[in-house]
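Asks: So that you have it, the file is final_12.cif, and it contains mmCIF, C-alpha atoms:
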```
data_upload
#
loop_
_atom_site.label_atom_id
_atom_site.label_comp_id
_atom_site.auth_asym_id
_atom_site.auth_seq_id
_atom_site.Cartn_x
_atom_site.Cartn_y
_atom_site.Cartn_z
CA MET A 132 0.00 0.00 0.00
CA ILE A 133 1.03 3.55 -0.59
CA ILE A 134 0.46 6.05 2.19
CA THR A 135 0.62 9.68 1.16
CA TYR A 136 1.12 12.53 3.59
CA THR A 137 0.41 16.06 2.38
CA GLN A 138 2.65 18.53 4.17
CA ASP A 139 1.80 22.14 5.09
CA ASP A 140 3.44 23.47 1.92
CA GLY A 141 1.39 21.10 -0.27
CA THR A 142 4.20 18.69 -1.09
CA VAL A 143 3.19 15.06 -0.92
CA GLU A 144 5.36 12.50 0.80
CA ARG A 145 4.85 8.94 -0.48
CA MET A 146 5.52 5.90 1.74
CA ASP A 147 5.25 2.38 0.35
CA THR A 148 4.62 -0.39 2.88
CA ASP A 149 6.68 -2.69 0.63
CA ASP A 150 9.70 -0.60 1.65
CA LEU A 151 9.27 -1.44 5.35
CA SER A 152 11.70 -3.89 6.87
CA ALA A 153 10.44 -6.88 8.83
CA LEU A 154 11.54 -5.17 12.05
CA GLU A 155 9.66 -2.00 11.13
CA ALA A 156 6.51 -4.02 10.35
CA ALA A 157 6.87 -5.81 13.69
CA ALA A 158 7.29 -2.47 15.47
CA ILE A 159 4.06 -1.25 13.84
CA GLU A 160 2.23 -4.41 14.92
CA GLU A 161 3.51 -3.98 18.47
CA ALA A 162 2.73 -0.24 18.59
CA MET A 163 -0.84 -1.03 17.54
CA ASP A 164 -1.26 -3.48 20.45
CA ASP A 165 -0.09 -6.58 18.57
CA VAL A 166 -2.46 -6.21 15.63
CA PRO A 167 -1.37 -8.74 12.94
CA TRP A 168 -0.04 -7.27 9.70
CA ARG A 169 -2.98 -8.59 7.64
CA ALA A 170 -5.37 -6.70 9.92
CA ILE A 171 -3.22 -3.57 9.58
CA GLU A 172 -3.45 -3.87 5.78
CA ALA A 173 -7.24 -4.19 6.03
CA ARG A 174 -7.35 -1.15 8.29
CA LEU A 175 -5.23 0.79 5.80
CA GLN A 176 -7.71 -0.06 3.05
CA ALA A 177 -10.45 1.31 5.31
CA GLN A 178 -8.45 4.56 5.70
CA ASP A 179 -8.02 3.92 9.45
CA PRO A 180 -6.18 6.90 10.97
CA THR A 181 -4.25 4.81 13.51
CA ALA A 182 -2.93 2.42 10.86
CA MET A 183 -1.94 5.27 8.52
CA ARG A 184 -0.33 7.15 11.43
CA ALA A 185 1.64 3.99 12.31
CA ILE A 186 3.11 3.81 8.81
CA VAL A 187 4.14 7.47 8.89
CA TRP A 188 5.58 6.93 12.38
CA ALA A 189 7.71 3.99 11.21
CA PHE A 190 9.14 6.00 8.32
CA ARG A 191 9.80 8.99 10.63
CA CYS A 192 11.69 6.74 13.05
CA ARG A 193 14.24 6.08 10.30
CA ASP A 194 15.24 9.74 10.24
CA GLN A 195 15.28 10.45 13.97
CA ALA A 196 18.18 9.66 16.27
CA GLU A 197 15.80 9.19 19.20
CA ARG A 198 12.74 7.15 18.40
CA VAL A 199 9.46 8.93 19.10
CA ARG A 200 6.99 6.81 21.03
CA PHE A 201 4.02 5.87 18.88
CA ALA A 202 1.54 7.00 21.56
CA GLU A 203 3.02 10.51 21.32
CA PHE A 204 3.25 10.68 17.52
CA ASP A 205 0.44 12.69 15.96
CA VAL A 206 -0.62 13.80 12.49
CA PRO A 207 -2.71 16.96 12.86
CA GLY A 208 -5.38 17.29 10.17
CA TRP A 209 -5.04 13.62 9.24
CA ARG A 210 -8.31 13.57 7.25
CA ARG A 211 -6.97 15.97 4.66
CA ARG A 212 -3.32 14.90 4.90
CA LEU A 213 -3.29 11.09 4.89
CA ARG A 214 -4.44 8.68 2.21
CA ALA A 215 -3.85 4.96 1.74
CA ARG A 216 -3.87 3.67 -1.83
CA LEU A 217 -3.40 0.29 -3.49
CA THR A 218 -0.50 -0.47 -5.80
CA ARG A 219 -0.97 -2.17 -9.16
CA ASP A 220 0.35 -5.45 -7.73
CA GLU A 221 -2.22 -5.33 -4.91
CA ILE A 222 -5.01 -4.61 -7.39
CA GLY A 223 -3.83 -7.53 -9.51
CA ASP A 224 -3.79 -9.84 -6.48
CA ALA A 225 -7.29 -8.78 -5.44
CA LEU A 226 -8.70 -9.22 -8.94
CA THR A 227 -6.98 -12.60 -9.32
CA ASN A 228 -8.56 -13.81 -6.07
CA ILE A 229 -11.96 -12.49 -7.08
CA MET A 230 -11.65 -13.92 -10.58
CA THR A 231 -10.74 -17.36 -9.24
CA GLU A 232 -13.89 -17.34 -7.16
CA ALA A 233 -15.98 -15.86 -9.99
CA LEU A 234 -14.76 -18.45 -12.49
CA SER A 235 -15.83 -21.23 -10.16
CA LYS A 236 -19.32 -19.73 -10.38
CA SER A 237 -19.05 -18.60 -14.03
CA GLU A 238 -19.96 -15.01 -13.28
CA ASP A 239 -18.36 -11.60 -13.75
CA SER A 240 -20.72 -9.81 -11.36
CA MET A 241 -18.31 -10.19 -8.44
CA ILE A 242 -15.58 -8.47 -10.41
CA ASP A 243 -18.01 -5.80 -11.59
CA ALA A 244 -19.04 -5.16 -7.99
CA VAL A 245 -15.52 -4.66 -6.65
CA THR A 246 -13.87 -2.67 -9.46
CA PRO A 247 -15.35 0.72 -8.42
CA HIS A 248 -13.96 0.17 -4.92
CA LEU A 249 -10.54 -0.81 -6.30
CA ARG A 250 -10.50 2.29 -8.54
CA LYS A 251 -11.25 4.46 -5.53
CA LEU A 252 -8.39 2.93 -3.53
CA ALA A 253 -5.90 2.66 -6.38
CA GLU A 254 -2.92 4.96 -6.53
CA ASP A 255 -3.53 4.97 -10.30
CA PRO A 256 -7.17 4.06 -11.11
CA ALA A 257 -6.13 3.03 -14.64
CA ASP A 258 -4.21 0.14 -13.03
CA VAL A 259 -7.55 -1.58 -12.42
CA ASP A 260 -8.27 -1.71 -16.15
CA ARG A 261 -4.70 -2.84 -16.88
CA CYS A 262 -5.03 -5.67 -14.37
CA LEU A 263 -8.40 -6.68 -15.84
CA ASP A 264 -6.74 -6.79 -19.27
CA ASP A 265 -3.90 -8.92 -17.82
CA LEU A 266 -6.47 -11.37 -16.42
CA GLY A 267 -8.30 -11.67 -19.74
CA LYS A 268 -11.24 -9.69 -18.42
CA GLY A 269 -10.76 -6.63 -20.62
CA HIS A 270 -14.46 -6.65 -21.43
CA LEU A 271 -15.05 -5.46 -17.84
CA THR A 272 -12.85 -2.38 -18.11
CA ARG A 273 -14.21 1.13 -17.70
CA ARG A 274 -13.26 2.16 -21.25
CA GLU A 275 -15.31 -0.72 -22.72
CA LYS A 276 -18.36 0.22 -20.64
CA GLU A 277 -18.05 3.94 -21.42
CA SER A 278 -17.76 3.36 -25.17
CA ALA A 279 -20.69 0.93 -25.13
CA GLY A 280 -22.90 3.42 -23.25
#
```
Kindly present the structure from the file in structure tokens form.
Replies:
Amino acid sequence: MIITYTQDDGTVERMDTDDLSALEAAAIEEAMDDVPWRAIEARLQAQDPTAMRAIVWAFRCRDQAERVRFAEFDVPGWRRRLRARLTRDEIGDALTNIMTEALSKSEDSMIDAVTPHLRKLAEDPADVDRCLDDLGKGHLTRREKESAG
């Protein structure tokens, strides 16, 4: 996941959870009262402020000689400053899982139902259509629907 933090001057800092070390991920789990990483990822997708704050905290700890305690680390104005977004690989994984289930039922409706949500969470919404193309489901892309309508 990509966490973006908009600073006071408007610049956007981008933090990729794939860049975290195992120790940093463990520190985040511990700081969040031993929440497992999978649950943290789910909370990030739900735009949970504590999970997003934990990611920013972990990246900030890299640059500080003395580690700031998580309980004391704050992000004022988090609603307008923090966003969690999916990477193309994460979109591909989600669509692959959904497609596997959909194929077992011979239906595209499950994919149709989740693609608007994936576009909303995607760092680049066009990645959803690219992943659909990669999975052989290009007929479900936004461009096909818009040109047909």
Asks: Just the number, please: distance in Å from atom CA of Trp168 of chain A to atom CA of Asp258 of chain A, one decimal.
Replies: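 It comes out at 24.3 Å.
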Asks: So what does the PyMOL selection byres ((chain A and resi 175-189) around 10) actually pick up in this one, as a PyMOL selection string?
Replies: chain A and resi 132-136+144-148+151-152+154-156+158-160+162-163+166+169-174+190-194+198-206+209-210+213-217+249+252-253
Asks: One decimal, Å: what's the distance from atom CA of Glu221 of chain A over to atom CA of Thr272 of chain A, could you say?
Replies: 17.2 Å
Asks: Hey, can you check how far atom CA of Cys262 of chain A sits from atom CA of Thr142 of chain A?
Replies: 29.2 Å
Asks: I need the residue nearest Gln138 of chain A from this list: A:Lys251, A:Arg219, A:His270, A:Arg212. Use all atoms listed in the file for the distance.
Replies: A:Arg212
Asks: Take segment 212-223 of chain A, bring it up to all heavy atoms, and give me the output as a short mmCIF file (atom, residue, chain, number, x, y, z; two decimals), in the frame of the given file.
Replies:
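Everything below was put into part_20.cif:
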```cif
data_model
loop_
_atom_site.label_atom_id
_atom_site.label_comp_id
_atom_site.auth_asym_id
_atom_site.auth_seq_id
_atom_site.Cartn_x
_atom_site.Cartn_y
_atom_site.Cartn_z
N ARG A 212 -4.73 15.12 5.17
CA ARG A 212 -3.32 14.90 4.90
C ARG A 212 -2.95 13.47 4.53
O ARG A 212 -1.99 13.24 3.82
CB ARG A 212 -2.49 15.30 6.12
CG ARG A 212 -2.50 16.77 6.40
CD ARG A 212 -1.74 17.04 7.67
NE ARG A 212 -1.75 18.44 7.98
CZ ARG A 212 -0.71 19.23 7.80
NH1 ARG A 212 0.42 18.75 7.34
NH2 ARG A 212 -0.79 20.50 8.09
N LEU A 213 -3.67 12.49 5.07
CA LEU A 213 -3.29 11.09 4.89
C LEU A 213 -4.24 10.36 3.95
O LEU A 213 -5.46 10.53 4.04
CB LEU A 213 -3.27 10.36 6.24
CG LEU A 213 -2.23 10.80 7.25
CD1 LEU A 213 -2.41 10.01 8.55
CD2 LEU A 213 -0.83 10.62 6.71
N ARG A 214 -3.67 9.55 3.10
CA ARG A 214 -4.44 8.68 2.21
C ARG A 214 -3.69 7.37 2.06
O ARG A 214 -2.47 7.35 1.93
CB ARG A 214 -4.59 9.27 0.80
CG ARG A 214 -5.37 10.53 0.70
CD ARG A 214 -6.87 10.28 0.74
NE ARG A 214 -7.61 11.50 0.66
CZ ARG A 214 -7.97 12.24 1.69
NH1 ARG A 214 -7.61 11.91 2.90
NH2 ARG A 214 -8.67 13.34 1.55
N ALA A 215 -4.43 6.28 2.03
CA ALA A 215 -3.85 4.96 1.74
C ALA A 215 -4.39 4.52 0.38
O ALA A 215 -5.59 4.62 0.12
CB ALA A 215 -4.24 3.96 2.83
N ARG A 216 -3.48 4.07 -0.48
CA ARG A 216 -3.87 3.67 -1.83
C ARG A 216 -3.22 2.34 -2.18
O ARG A 216 -2.13 2.01 -1.72
CB ARG A 216 -3.44 4.73 -2.85
CG ARG A 216 -4.16 6.06 -2.68
CD ARG A 216 -5.63 5.89 -3.01
NE ARG A 216 -6.37 7.12 -2.90
CZ ARG A 216 -7.31 7.35 -1.97
NH1 ARG A 216 -7.59 6.42 -1.08
NH2 ARG A 216 -7.96 8.47 -1.94
N LEU A 217 -3.89 1.59 -3.04
CA LEU A 217 -3.40 0.29 -3.49
C LEU A 217 -2.42 0.44 -4.64
O LEU A 217 -2.60 1.30 -5.51
CB LEU A 217 -4.57 -0.58 -3.96
CG LEU A 217 -5.64 -0.92 -2.94
CD1 LEU A 217 -6.80 -1.63 -3.60
CD2 LEU A 217 -5.06 -1.78 -1.83
N THR A 218 -1.43 -0.43 -4.68
CA THR A 218 -0.50 -0.47 -5.80
C THR A 218 -1.09 -1.37 -6.89
O THR A 218 -2.05 -2.12 -6.65
CB THR A 218 0.87 -1.04 -5.37
OG1 THR A 218 0.69 -2.40 -4.96
CG2 THR A 218 1.49 -0.22 -4.25
N ARG A 219 -0.49 -1.32 -8.06
CA ARG A 219 -0.97 -2.17 -9.16
C ARG A 219 -0.88 -3.65 -8.79
O ARG A 219 -1.78 -4.43 -9.10
CB ARG A 219 -0.17 -1.88 -10.43
CG ARG A 219 -0.67 -2.70 -11.60
CD ARG A 219 0.01 -2.34 -12.88
NE ARG A 219 -0.51 -3.21 -13.94
CZ ARG A 219 -0.22 -3.07 -15.19
NH1 ARG A 219 0.57 -2.09 -15.58
NH2 ARG A 219 -0.70 -3.89 -16.09
N ASP A 220 0.21 -4.05 -8.13
CA ASP A 220 0.35 -5.45 -7.73
C ASP A 220 -0.78 -5.87 -6.78
O ASP A 220 -1.31 -6.98 -6.90
CB ASP A 220 1.70 -5.70 -7.05
CG ASP A 220 2.86 -5.68 -8.04
OD1 ASP A 220 2.62 -5.82 -9.25
OD2 ASP A 220 4.01 -5.53 -7.57
N GLU A 221 -1.14 -5.01 -5.85
CA GLU A 221 -2.22 -5.33 -4.91
C GLU A 221 -3.57 -5.42 -5.62
O GLU A 221 -4.39 -6.29 -5.31
CB GLU A 221 -2.27 -4.27 -3.79
CG GLU A 221 -1.07 -4.37 -2.87
CD GLU A 221 -0.87 -3.15 -2.00
OE1 GLU A 221 -1.22 -2.02 -2.41
OE2 GLU A 221 -0.35 -3.32 -0.88
N ILE A 222 -3.78 -4.54 -6.59
CA ILE A 222 -5.01 -4.61 -7.39
C ILE A 222 -5.04 -5.92 -8.16
O ILE A 222 -6.06 -6.62 -8.19
CB ILE A 222 -5.11 -3.41 -8.36
CG1 ILE A 222 -5.28 -2.11 -7.57
CG2 ILE A 222 -6.27 -3.59 -9.34
CD1 ILE A 222 -5.02 -0.86 -8.39
N GLY A 223 -3.92 -6.28 -8.77
CA GLY A 223 -3.83 -7.53 -9.51
C GLY A 223 -4.12 -8.73 -8.63
O GLY A 223 -4.85 -9.65 -9.03
#
```
